[in-house]
>>> print(open('upload.pdb').read())   # PDB, C-alpha atoms, pLDDT in the B column
ATOM      1  CA  MET A   1     104.769  89.833 104.298  1.00 34.00           C
ATOM      2  CA  PHE A   2     108.025  89.413 102.439  1.00 36.00           C
ATOM      3  CA  LEU A   3     111.646  90.111 103.367  1.00 35.00           C
ATOM      4  CA  VAL A   4     114.796  90.134 101.301  1.00 36.00           C
ATOM      5  CA  LEU A   5     117.080  87.133 101.718  1.00 38.00           C
ATOM      6  CA  THR A   6     120.704  86.770 100.757  1.00 36.00           C
ATOM      7  CA  LEU A   7     120.852  83.036 100.265  1.00 40.00           C
ATOM      8  CA  ALA A   8     123.438  81.156 102.284  1.00 39.00           C
ATOM      9  CA  GLY A   9     123.624  77.496 101.467  1.00 39.00           C
ATOM     10  CA  SER A  10     124.981  76.455 104.843  1.00 35.00           C
ATOM     11  CA  ALA A  11     122.110  78.128 106.686  1.00 42.00           C
ATOM     12  CA  LEU A  12     119.438  76.647 104.444  1.00 43.00           C
ATOM     13  CA  ALA A  13     120.272  72.982 104.659  1.00 50.00           C
ATOM     14  CA  GLN A  14     116.583  72.102 104.425  1.00 87.00           C
ATOM     15  CA  ILE A  15     116.387  73.252 100.837  1.00 89.00           C
ATOM     16  CA  ASP A  16     116.938  70.655  98.139  1.00 91.00           C
ATOM     17  CA  ALA A  17     119.424  71.283  95.334  1.00 92.00           C
ATOM     18  CA  GLN A  18     116.861  71.940  92.589  1.00 94.00           C
ATOM     19  CA  SER A  19     114.995  74.433  94.767  1.00 94.00           C
ATOM     20  CA  GLN A  20     118.250  76.117  95.783  1.00 91.00           C
ATOM     21  CA  ALA A  21     119.240  76.676  92.174  1.00 92.00           C
ATOM     22  CA  LEU A  22     115.928  78.352  91.373  1.00 92.00           C
ATOM     23  CA  LEU A  23     115.875  80.440  94.552  1.00 90.00           C
ATOM     24  CA  ASP A  24     119.418  81.618  93.884  1.00 87.00           C
ATOM     25  CA  GLY A  25     118.184  82.988  90.571  1.00 83.00           C
ATOM     26  CA  ILE A  26     115.717  85.318  92.298  1.00 80.00           C
ATOM     27  CA  ALA A  27     118.533  87.548  93.522  1.00 69.00           C
ATOM     28  CA  ALA A  28     119.637  88.139  89.939  1.00 67.00           C
ATOM     29  CA  GLN A  29     116.169  89.508  89.125  1.00 67.00           C
ATOM     30  CA  GLN A  30     116.068  91.962  92.008  1.00 66.00           C
ATOM     31  CA  GLY A  31     118.150  94.583  90.256  1.00 67.00           C
ATOM     32  CA  PRO A  32     120.294  97.248  91.941  1.00 71.00           C
ATOM     33  CA  GLU A  33     120.042  98.249  95.584  1.00 80.00           C
ATOM     34  CA  VAL A  34     117.172 100.712  95.814  1.00 86.00           C
ATOM     35  CA  GLU A  35     117.980 103.929  97.703  1.00 92.00           C
ATOM     36  CA  THR A  36     115.214 106.134  96.308  1.00 93.00           C
ATOM     37  CA  VAL A  37     112.145 105.454  94.216  1.00 92.00           C
ATOM     38  CA  ASP A  38     109.422 107.609  92.687  1.00 94.00           C
ATOM     39  CA  GLN A  39     106.645 105.621  91.039  1.00 92.00           C
ATOM     40  CA  THR A  40     102.934 105.709  90.310  1.00 92.00           C
ATOM     41  CA  MET A  41     100.912 102.572  90.980  1.00 91.00           C
ATOM     42  CA  VAL A  42      97.744 102.097  88.959  1.00 91.00           C
ATOM     43  CA  MET A  43      95.444  99.434  90.346  1.00 92.00           C
ATOM     44  CA  THR A  44      92.386  98.082  88.569  1.00 95.00           C
ATOM     45  CA  ILE A  45      89.873  96.204  90.719  1.00 95.00           C
ATOM     46  CA  PHE A  46      87.537  93.835  88.910  1.00 96.00           C
ATOM     47  CA  ASN A  47      84.189  93.399  90.686  1.00 90.00           C
ATOM     48  CA  ASP A  48      81.026  91.938  89.177  1.00 86.00           C
ATOM     49  CA  GLY A  49      81.833  93.126  85.687  1.00 85.00           C
ATOM     50  CA  GLU A  50      82.878  96.576  86.833  1.00 92.00           C
ATOM     51  CA  GLU A  51      86.371  98.015  86.838  1.00 93.00           C
ATOM     52  CA  ILE A  52      87.502 100.471  89.488  1.00 91.00           C
ATOM     53  CA  VAL A  53      90.786 102.238  88.771  1.00 90.00           C
ATOM     54  CA  THR A  54      92.867 103.958  91.433  1.00 88.00           C
ATOM     55  CA  SER A  55      96.183 105.745  91.086  1.00 89.00           C
ATOM     56  CA  THR A  56      98.724 106.388  93.836  1.00 91.00           C
ATOM     57  CA  ARG A  57     102.114 108.062  93.535  1.00 93.00           C
ATOM     58  CA  THR A  58     104.693 106.998  96.126  1.00 94.00           C
ATOM     59  CA  VAL A  59     108.089 108.570  96.722  1.00 96.00           C
ATOM     60  CA  ILE A  60     110.471 106.803  99.122  1.00 95.00           C
ATOM     61  CA  ASP A  61     113.869 107.884 100.374  1.00 96.00           C
ATOM     62  CA  TYR A  62     115.140 104.710 102.056  1.00 93.00           C
ATOM     63  CA  VAL A  63     118.437 106.256 103.119  1.00 94.00           C
ATOM     64  CA  ASN A  64     116.858 109.117 105.094  1.00 95.00           C
ATOM     65  CA  ARG A  65     113.623 107.242 105.923  1.00 95.00           C
ATOM     66  CA  ARG A  66     111.353 109.804 104.314  1.00 96.00           C
ATOM     67  CA  ALA A  67     108.309 109.119 102.173  1.00 96.00           C
ATOM     68  CA  VAL A  68     105.446 110.844 100.399  1.00 96.00           C
ATOM     69  CA  ILE A  69     102.192 109.335  99.174  1.00 94.00           C
ATOM     70  CA  PHE A  70      99.856 111.191  96.816  1.00 92.00           C
ATOM     71  CA  THR A  71      96.307 109.817  97.024  1.00 84.00           C
ATOM     72  CA  ASP A  72      93.246 110.724  94.972  1.00 78.00           C
ATOM     73  CA  MET A  73      90.516 111.514  97.514  1.00 68.00           C
ATOM     74  CA  GLY A  74      87.841 111.771  94.839  1.00 68.00           C
ATOM     75  CA  GLY A  75      86.152 114.782  93.331  1.00 68.00           C
ATOM     76  CA  GLY A  76      89.449 115.976  91.930  1.00 71.00           C
ATOM     77  CA  MET A  77      90.936 116.394  95.411  1.00 76.00           C
ATOM     78  CA  MET A  78      94.515 115.146  95.848  1.00 81.00           C
ATOM     79  CA  ALA A  79      96.028 114.495  99.277  1.00 86.00           C
ATOM     80  CA  ARG A  80      99.768 114.462  99.984  1.00 91.00           C
ATOM     81  CA  MET A  81     100.845 112.515 103.050  1.00 92.00           C
ATOM     82  CA  VAL A  82     104.408 113.271 104.144  1.00 93.00           C
ATOM     83  CA  HIS A  83     106.387 111.092 106.536  1.00 93.00           C
ATOM     84  CA  VAL A  84     109.582 112.697 107.880  1.00 93.00           C
ATOM     85  CA  ASP A  85     111.470 112.079 111.149  1.00 91.00           C
ATOM     86  CA  GLY A  86     108.907 109.510 112.222  1.00 89.00           C
ATOM     87  CA  ALA A  87     105.954 111.913 111.984  1.00 88.00           C
ATOM     88  CA  THR A  88     103.244 111.969 109.321  1.00 91.00           C
ATOM     89  CA  THR A  89     101.260 114.983 108.128  1.00 89.00           C
ATOM     90  CA  MET A  90      98.729 115.464 105.348  1.00 89.00           C
ATOM     91  CA  ARG A  91      98.273 118.381 102.994  1.00 86.00           C
ATOM     92  CA  MET A  92      95.441 119.010 100.564  1.00 82.00           C
ATOM     93  CA  GLU A  93      95.641 121.001  97.356  1.00 75.00           C
ATOM     94  CA  GLY A  94      94.672 124.600  97.933  1.00 70.00           C
ATOM     95  CA  MET A  95      95.074 124.399 101.710  1.00 72.00           C
ATOM     96  CA  PRO A  96      98.201 126.083 103.135  1.00 71.00           C
ATOM     97  CA  MET A  97      98.221 124.276 106.469  1.00 76.00           C
ATOM     98  CA  ALA A  98      98.875 120.636 107.297  1.00 79.00           C
ATOM     99  CA  MET A  99      95.844 118.622 108.409  1.00 77.00           C
ATOM    100  CA  PRO A 100      95.402 115.737 110.856  1.00 73.00           C
ATOM    101  CA  LEU A 101      95.463 112.329 109.258  1.00 76.00           C
ATOM    102  CA  PRO A 102      92.116 110.545 108.922  1.00 74.00           C
ATOM    103  CA  PRO A 103      91.956 107.361 111.030  1.00 77.00           C
ATOM    104  CA  GLY A 104      93.894 104.497 109.508  1.00 75.00           C
ATOM    105  CA  MET A 105      95.636 106.437 106.757  1.00 75.00           C
ATOM    106  CA  GLY A 106      98.924 106.643 108.661  1.00 77.00           C
ATOM    107  CA  ALA A 107      99.184 102.847 108.531  1.00 82.00           C
ATOM    108  CA  ALA A 108     100.387 103.201 104.949  1.00 82.00           C
ATOM    109  CA  PHE A 109     103.796 104.147 106.365  1.00 86.00           C
ATOM    110  CA  ASP A 110     104.091 101.320 108.900  1.00 85.00           C
ATOM    111  CA  THR A 111     106.090  99.076 106.578  1.00 82.00           C
ATOM    112  CA  ILE A 112     106.971 101.441 103.744  1.00 86.00           C
ATOM    113  CA  PHE A 113     110.712 101.297 104.451  1.00 86.00           C
ATOM    114  CA  ASP A 114     110.831  97.490 104.566  1.00 77.00           C
ATOM    115  CA  ARG A 115     112.961  96.114 101.775  1.00 66.00           C
ATOM    116  CA  ALA A 116     110.239  94.038 100.202  1.00 58.00           C
ATOM    117  CA  GLY A 117     111.459  90.955  98.458  1.00 60.00           C
ATOM    118  CA  THR A 118     110.462  87.330  98.152  1.00 66.00           C
ATOM    119  CA  LEU A 119     111.990  85.115 100.816  1.00 77.00           C
ATOM    120  CA  SER A 120     112.270  85.042 104.579  1.00 77.00           C
ATOM    121  CA  ASP A 121     115.503  85.206 106.553  1.00 78.00           C
ATOM    122  CA  ASP A 122     114.265  82.309 108.690  1.00 81.00           C
ATOM    123  CA  PRO A 123     117.253  79.917 109.071  1.00 84.00           C
ATOM    124  CA  ASN A 124     114.803  77.022 109.370  1.00 87.00           C
ATOM    125  CA  ALA A 125     113.091  77.742 106.058  1.00 89.00           C
ATOM    126  CA  THR A 126     112.415  74.711 103.882  1.00 93.00           C
ATOM    127  CA  ALA A 127     111.931  74.374 100.141  1.00 94.00           C
ATOM    128  CA  VAL A 128     110.811  71.380  98.101  1.00 95.00           C
ATOM    129  CA  TYR A 129     111.010  71.126  94.318  1.00 97.00           C
ATOM    130  CA  ASP A 130     107.616  69.926  93.030  1.00 97.00           C
ATOM    131  CA  GLY A 131     108.409  69.776  89.324  1.00 97.00           C
ATOM    132  CA  GLN A 132     106.160  71.058  86.551  1.00 97.00           C
ATOM    133  CA  VAL A 133     102.703  72.263  87.614  1.00 97.00           C
ATOM    134  CA  SER A 134      99.784  74.072  86.025  1.00 96.00           C
ATOM    135  CA  TYR A 135      96.977  76.157  87.485  1.00 96.00           C
ATOM    136  CA  GLY A 136      94.463  76.115  84.685  1.00 92.00           C
ATOM    137  CA  ASP A 137      95.579  78.386  81.872  1.00 93.00           C
ATOM    138  CA  ILE A 138      96.655  81.089  84.343  1.00 95.00           C
ATOM    139  CA  LEU A 139     100.091  79.995  85.498  1.00 96.00           C
ATOM    140  CA  SER A 140     102.362  77.089  84.607  1.00 97.00           C
ATOM    141  CA  GLY A 141     105.983  76.281  85.338  1.00 97.00           C
ATOM    142  CA  GLN A 142     108.406  74.701  87.778  1.00 97.00           C
ATOM    143  CA  GLN A 143     107.151  74.907  91.339  1.00 97.00           C
ATOM    144  CA  VAL A 144     109.053  75.256  94.606  1.00 96.00           C
ATOM    145  CA  THR A 145     107.043  74.994  97.810  1.00 96.00           C
ATOM    146  CA  TYR A 146     108.690  77.366 100.267  1.00 94.00           C
ATOM    147  CA  THR A 147     107.824  77.263 103.985  1.00 92.00           C
ATOM    148  CA  ALA A 148     109.116  79.853 106.440  1.00 88.00           C
ATOM    149  CA  THR A 149     108.278  82.055 109.398  1.00 85.00           C
ATOM    150  CA  TYR A 150     108.302  85.792 108.730  1.00 76.00           C
ATOM    151  CA  ASP A 151     109.464  88.188 111.441  1.00 69.00           C
ATOM    152  CA  GLU A 152     106.515  90.533 111.390  1.00 66.00           C
ATOM    153  CA  SER A 153     103.851  87.832 111.788  1.00 67.00           C
ATOM    154  CA  GLY A 154     105.604  84.961 113.553  1.00 78.00           C
ATOM    155  CA  THR A 155     103.310  82.642 111.635  1.00 82.00           C
ATOM    156  CA  GLU A 156     104.590  79.886 109.372  1.00 87.00           C
ATOM    157  CA  THR A 157     103.706  80.669 105.773  1.00 87.00           C
ATOM    158  CA  VAL A 158     103.652  78.313 102.810  1.00 92.00           C
ATOM    159  CA  SER A 159     104.143  79.783  99.338  1.00 93.00           C
ATOM    160  CA  ARG A 160     104.382  78.043  95.990  1.00 96.00           C
ATOM    161  CA  LEU A 161     106.900  79.898  93.837  1.00 95.00           C
ATOM    162  CA  ILE A 162     106.630  79.366  90.087  1.00 96.00           C
ATOM    163  CA  PHE A 163     109.553  79.587  87.646  1.00 95.00           C
ATOM    164  CA  ASP A 164     109.604  79.340  83.860  1.00 94.00           C
ATOM    165  CA  ALA A 165     111.844  77.015  81.865  1.00 94.00           C
ATOM    166  CA  GLY A 166     114.664  79.557  82.008  1.00 91.00           C
ATOM    167  CA  GLY A 167     114.511  79.847  85.796  1.00 91.00           C
ATOM    168  CA  GLN A 168     112.782  83.242  85.871  1.00 90.00           C
ATOM    169  CA  TYR A 169     110.459  83.788  88.835  1.00 90.00           C
ATOM    170  CA  ILE A 170     107.089  84.424  87.174  1.00 92.00           C
ATOM    171  CA  GLY A 171     104.440  84.003  89.847  1.00 93.00           C
ATOM    172  CA  SER A 172     103.332  82.548  93.153  1.00 94.00           C
ATOM    173  CA  VAL A 173     100.416  80.723  94.710  1.00 96.00           C
ATOM    174  CA  VAL A 174      99.180  80.840  98.310  1.00 94.00           C
ATOM    175  CA  ASP A 175      96.182  79.348 100.094  1.00 94.00           C
ATOM    176  CA  GLY A 176      93.147  81.560 100.496  1.00 93.00           C
ATOM    177  CA  THR A 177      90.710  81.564 103.392  1.00 91.00           C
ATOM    178  CA  ASP A 178      87.803  79.777 101.742  1.00 90.00           C
ATOM    179  CA  GLY A 179      89.376  76.682 100.224  1.00 91.00           C
ATOM    180  CA  ASN A 180      90.539  78.789  97.293  1.00 95.00           C
ATOM    181  CA  LEU A 181      93.985  79.669  96.000  1.00 97.00           C
ATOM    182  CA  ILE A 182      95.309  83.167  95.379  1.00 97.00           C
ATOM    183  CA  ILE A 183      97.483  83.286  92.268  1.00 97.00           C
ATOM    184  CA  MET A 184      99.888  86.118  91.524  1.00 95.00           C
ATOM    185  CA  VAL A 185     101.202  86.413  87.976  1.00 95.00           C
ATOM    186  CA  PHE A 186     103.907  88.966  87.276  1.00 91.00           C
ATOM    187  CA  ASP A 187     103.220  91.286  84.357  1.00 82.00           C
ATOM    188  CA  PRO A 188     105.434  91.373  82.396  1.00 70.00           C
ATOM    189  CA  PRO A 189     106.689  87.975  83.574  1.00 60.00           C
ATOM    190  CA  THR A 190     110.453  88.492  83.368  1.00 53.00           C
ATOM    191  CA  ASP A 191     111.125  92.224  83.193  1.00 51.00           C
ATOM    192  CA  GLY A 192     111.427  94.780  85.950  1.00 53.00           C
ATOM    193  CA  ASN A 193     112.891  94.903  89.418  1.00 61.00           C
ATOM    194  CA  LEU A 194     111.361  92.454  91.892  1.00 58.00           C
ATOM    195  CA  LEU A 195     111.632  95.078  94.605  1.00 58.00           C
ATOM    196  CA  THR A 196     109.735  97.847  92.856  1.00 67.00           C
ATOM    197  CA  GLY A 197     107.916  98.735  89.678  1.00 70.00           C
ATOM    198  CA  ARG A 198     106.893  95.237  88.639  1.00 78.00           C
ATOM    199  CA  GLY A 199     103.262  94.757  87.696  1.00 89.00           C
ATOM    200  CA  MET A 200     101.133  91.795  88.629  1.00 92.00           C
ATOM    201  CA  THR A 201      97.686  90.309  88.211  1.00 96.00           C
ATOM    202  CA  LEU A 202      95.884  88.526  91.042  1.00 96.00           C
ATOM    203  CA  TYR A 203      93.406  85.708  90.524  1.00 97.00           C
ATOM    204  CA  ASP A 204      91.068  83.844  92.832  1.00 96.00           C
ATOM    205  CA  PHE A 205      91.294  80.169  91.846  1.00 97.00           C
ATOM    206  CA  LYS A 206      88.712  77.648  93.038  1.00 94.00           C
ATOM    207  CA  ASP A 207      87.354  74.391  91.622  1.00 92.00           C
ATOM    208  CA  GLY A 208      89.489  74.871  88.532  1.00 91.00           C
ATOM    209  CA  VAL A 209      88.020  78.288  87.777  1.00 93.00           C
ATOM    210  CA  ALA A 210      90.159  81.449  87.883  1.00 95.00           C
ATOM    211  CA  THR A 211      88.596  84.854  88.549  1.00 95.00           C
ATOM    212  CA  LYS A 212      90.698  87.944  87.955  1.00 96.00           C
ATOM    213  CA  THR A 213      90.454  90.242  90.975  1.00 96.00           C
ATOM    214  CA  THR A 214      93.064  92.979  90.518  1.00 97.00           C
ATOM    215  CA  HIS A 215      95.744  94.178  88.156  1.00 96.00           C
ATOM    216  CA  THR A 216      98.553  96.396  89.409  1.00 93.00           C
ATOM    217  CA  GLY A 217     100.778  98.312  87.035  1.00 92.00           C
ATOM    218  CA  TYR A 218     103.487 100.923  87.542  1.00 90.00           C
ATOM    219  CA  GLU A 219     104.087 104.117  85.598  1.00 89.00           C
ATOM    220  CA  ASN A 220     106.819 106.756  85.680  1.00 90.00           C
ATOM    221  CA  VAL A 221     109.163 104.563  87.710  1.00 88.00           C
ATOM    222  CA  VAL A 222     112.385 106.389  88.650  1.00 90.00           C
ATOM    223  CA  ILE A 223     114.971 104.605  90.806  1.00 90.00           C
ATOM    224  CA  ASN A 224     118.032 106.066  92.538  1.00 92.00           C
ATOM    225  CA  GLN A 225     117.647 109.598  91.211  1.00 95.00           C
ATOM    226  CA  PRO A 226     117.750 112.863  93.228  1.00 95.00           C
ATOM    227  CA  LEU A 227     114.385 113.705  94.776  1.00 96.00           C
ATOM    228  CA  ASP A 228     112.733 117.113  94.834  1.00 95.00           C
ATOM    229  CA  GLU A 229     113.115 118.388  98.422  1.00 94.00           C
ATOM    230  CA  ALA A 230     109.855 120.294  98.074  1.00 92.00           C
ATOM    231  CA  LEU A 231     108.024 116.965  98.165  1.00 93.00           C
ATOM    232  CA  PHE A 232     108.888 116.531 101.827  1.00 92.00           C
ATOM    233  CA  GLU A 233     107.853 119.996 102.992  1.00 86.00           C
TER
END
>>> encode(input="upload.pdb", output="structure tokens")
Amino acid sequence: MFLVLTLAGSALAQIDAQSQALLDGIAAQQGPEVETVDQTMVMTIFNDGEEIVTSTRTVIDYVNRRAVIFTDMGGGMMARMVHVDGATTMRMEGMPMAMPLPPGMGAAFDTIFDRAGTLSDDPNATAVYDGQVSYGDILSGQQVTYTATYDESGTETVSRLIFDAGGQYIGSVVDGTDGNLIIMVFDPPTDGNLLTGRGMTLYDFKDGVATKTTHTGYENVVINQPLDEALFE
């Protein structure tokens, strides 16, 4: 849903000065240009008092448009999906030959090379500074309401970006589908690269009540280091 934006003041005349200052600060949090990344995402899903934990290792070579995803298939079985030269294959531990991908699994690579960021490159994007806001005890700070059309959907999207007193981008709020709000809180709030390896907690917020739905954390994050060629075989 998100694309990287290099802010150009002349192109974004519909953004007020206070919003512009905060949005400009996002670029400083994005860290170095990412050429390769090897990281393990650990997601915890909270559902009716139960916690379901999944772990996925992803290796991306943006320069050569190659990627590998290791997925736990259950029962101790680990699958390795390899995407090279536009084609995707899957290998299972203990099986010497590549296997056909199960339906839908290849979709994981549809947008994997997109340079995920925060803002659209829509020249007609607008931003309004809303001042200090609070969403219960979940997320508080300076809010910028950002409205833009994103290339991949063509649909206008409204996001509320939240910044702390120091101008750090700490979370966002979007409308849900049932009169609720979906709140994203970065964890930790001010450390890590916005493009990769930054944890977050999602909440469903309705009628003043916040329900934690997922927590995503990253382990063993390695950026811009040589990758083992055997991963792509």
>>> residues_around(input="upload.pdb", residues="Phe186 (chain A)", least_positions_apart="3", cutoff="6 Å", atoms="all atoms listed in the file", output="count of residues only")
5
>>> residues_around(input="upload.pdb", residues="Met184 (chain A)", least_positions_apart="3", cutoff="6 Å", atoms="all atoms listed in the file", output="mmCIF file with C-alpha atoms, in the frame of the given file")
data_model
loop_
_atom_site.group_PDB
_atom_site.id
_atom_site.type_symbol
_atom_site.label_atom_id
_atom_site.label_comp_id
_atom_site.auth_asym_id
_atom_site.auth_seq_id
_atom_site.Cartn_x
_atom_site.Cartn_y
_atom_site.Cartn_z
ATOM 1 C CA GLY A 171 104.440 84.003 89.847
ATOM 2 C CA SER A 172 103.332 82.548 93.153
ATOM 3 C CA THR A 201 97.686 90.309 88.211
ATOM 4 C CA LEU A 202 95.884 88.526 91.042
#
>>> resolve_selection(input="upload.pdb", expression="the PyMOL selection byres ((chain A and resi 166) around 12)", output="ChimeraX atom specification")
/A:21-22,25-26,141-142,162-165,167-170,189-190
>>> atom_distance(input="upload.pdb", atom1="CA of Leu161 (chain A)", atom2="CA of Gly217 (chain A)")
20.6 Å
>>> closest_residue(input="upload.pdb", among="A:Ser120, A:His83, A:Asp24, A:Phe70", to="Ala107 (chain A)", atoms="all atoms listed in the file")
A:His83
>>> closest_residue(input="upload.pdb", among="A:Ile183, A:Val128, A:Val158, A:Leu139", to="Gln14 (chain A)", atoms="all atoms listed in the file")
A:Val128
>>> resolve_selection(input="upload.pdb", expression="the PyMOL selection byres ((chain A and resi 47) around 10)", output="PDB file with C-alpha atoms, in the coordinates of the input")
ATOM      1  CA  THR A  44      92.386  98.082  88.569  1.00 95.00           C
ATOM      2  CA  ILE A  45      89.873  96.204  90.719  1.00 95.00           C
ATOM      3  CA  PHE A  46      87.537  93.835  88.910  1.00 96.00           C
ATOM      4  CA  ASP A  48      81.026  91.938  89.177  1.00 86.00           C
ATOM      5  CA  GLY A  49      81.833  93.126  85.687  1.00 85.00           C
ATOM      6  CA  GLU A  50      82.878  96.576  86.833  1.00 92.00           C
ATOM      7  CA  GLU A  51      86.371  98.015  86.838  1.00 93.00           C
ATOM      8  CA  ILE A  52      87.502 100.471  89.488  1.00 91.00           C
ATOM      9  CA  THR A 211      88.596  84.854  88.549  1.00 95.00           C
ATOM     10  CA  LYS A 212      90.698  87.944  87.955  1.00 96.00           C
ATOM     11  CA  THR A 213      90.454  90.242  90.975  1.00 96.00           C
ATOM     12  CA  THR A 214      93.064  92.979  90.518  1.00 97.00           C
TER      13      THR A 214
END
>>> atom_distance(input="upload.pdb", atom1="CA of Ile60 (chain A)", atom2="CA of Thr36 (chain A)")
5.6 Å
>>> closest_atom_pairs(input="upload.pdb", of="region 75-161 of chain A", to="region 16-20 of chain A", cutoff="9 Å", atoms="all atoms listed in the file", output="JSON lines")
{"residue": "A:Thr126", "atom": "CA", "partner": "A:Asp16", "partner_atom": "CA", "distance": 8.4}
{"residue": "A:Ala127", "atom": "CA", "partner": "A:Ser19", "partner_atom": "CA", "distance": 6.2}
{"residue": "A:Val128", "atom": "CA", "partner": "A:Ser19", "partner_atom": "CA", "distance": 6.2}
{"residue": "A:Tyr129", "atom": "CA", "partner": "A:Ser19", "partner_atom": "CA", "distance": 5.2}
{"residue": "A:Asp130", "atom": "CA", "partner": "A:Ser19", "partner_atom": "CA", "distance": 8.8}
{"residue": "A:Gln143", "atom": "CA", "partner": "A:Ser19", "partner_atom": "CA", "distance": 8.6}
{"residue": "A:Val144", "atom": "CA", "partner": "A:Ser19", "partner_atom": "CA", "distance": 6.0}
{"residue": "A:Thr145", "atom": "CA", "partner": "A:Ser19", "partner_atom": "CA", "distance": 8.5}
{"residue": "A:Tyr146", "atom": "CA", "partner": "A:Ser19", "partner_atom": "CA", "distance": 8.9}
>>> resolve_selection(input="upload.pdb", expression="the PyMOL selection byres ((chain A and resi 175) around 12)", output="NGL selection string")
:A and (145 or 157-160 or 172-174 or 176-184 or 203-206)
>>> closest_residue(input="upload.pdb", among="A:Thr216, A:Asp114, A:Val209, A:Glu33", to="Ser55 (chain A)", atoms="all atoms listed in the file")
A:Thr216
>>> closest_residue(input="upload.pdb", among="A:Glu156, A:Asp121, A:Glu233, A:Asp137", to="Met97 (chain A)", atoms="only C-alpha atoms")
A:Glu233
>>> closest_residue(input="upload.pdb", among="A:Asp61, A:Pro100, A:Met77, A:Leu23", to="Gln225 (chain A)", atoms="all atoms listed in the file")
A:Asp61
>>> atom_distance(input="upload.pdb", atom1="CA of Arg66 (chain A)", atom2="CA of Met43 (chain A)")
23.6 Å
>>> closest_residue(input="upload.pdb", among="A:Val63, A:Val42, A:Ala79, A:Ala108", to="Gly94 (chain A)", atoms="only C-alpha atoms")
A:Ala79
>>> residues_around(input="upload.pdb", residues="region 227-229 of chain A", least_positions_apart="2", cutoff="12 Å", atoms="all atoms listed in the file", output="ChimeraX atom specification")
/A:35-39,58-64,66-68,82,84,222-225,231-233
>>> axis_aligned_box(input="upload.pdb", around="region 215-225 of chain A", padding_each_side="5 Å", output="JSON")
{"center_x": 106.9, "center_y": 101.9, "center_z": 89.1, "size_x": 32.3, "size_y": 25.4, "size_z": 16.9}
>>> decode(input="upload.pdb", residues="region 97-115 of chain A", atoms="C-alpha atoms", output="compact mmCIF listing (two decimals), in the first residue's frame")
# COMPACT_ATOMS: atom_id res chain seq x y z
CA MET A 97 13.62 -31.73 -6.47
CA ALA A 98 11.72 -28.46 -6.73
CA MET A 99 7.96 -28.69 -6.26
CA PRO A 100 5.03 -26.77 -7.75
CA LEU A 101 3.82 -23.89 -5.64
CA PRO A 102 0.54 -24.41 -3.77
CA PRO A 103 -2.21 -22.06 -5.00
CA GLY A 104 -1.79 -18.53 -3.75
CA MET A 105 1.67 -18.90 -2.25
CA GLY A 106 3.39 -17.24 -5.21
CA ALA A 107 1.51 -14.02 -4.43
CA ALA A 108 4.04 -13.39 -1.67
CA PHE A 109 6.45 -12.22 -4.38
CA ASP A 110 4.05 -9.92 -6.23
CA THR A 111 5.19 -6.80 -4.39
CA ILE A 112 8.30 -8.02 -2.60
CA PHE A 113 10.63 -5.73 -4.56
CA ASP A 114 8.55 -2.60 -3.95
CA ARG A 115 10.46 -0.08 -1.90
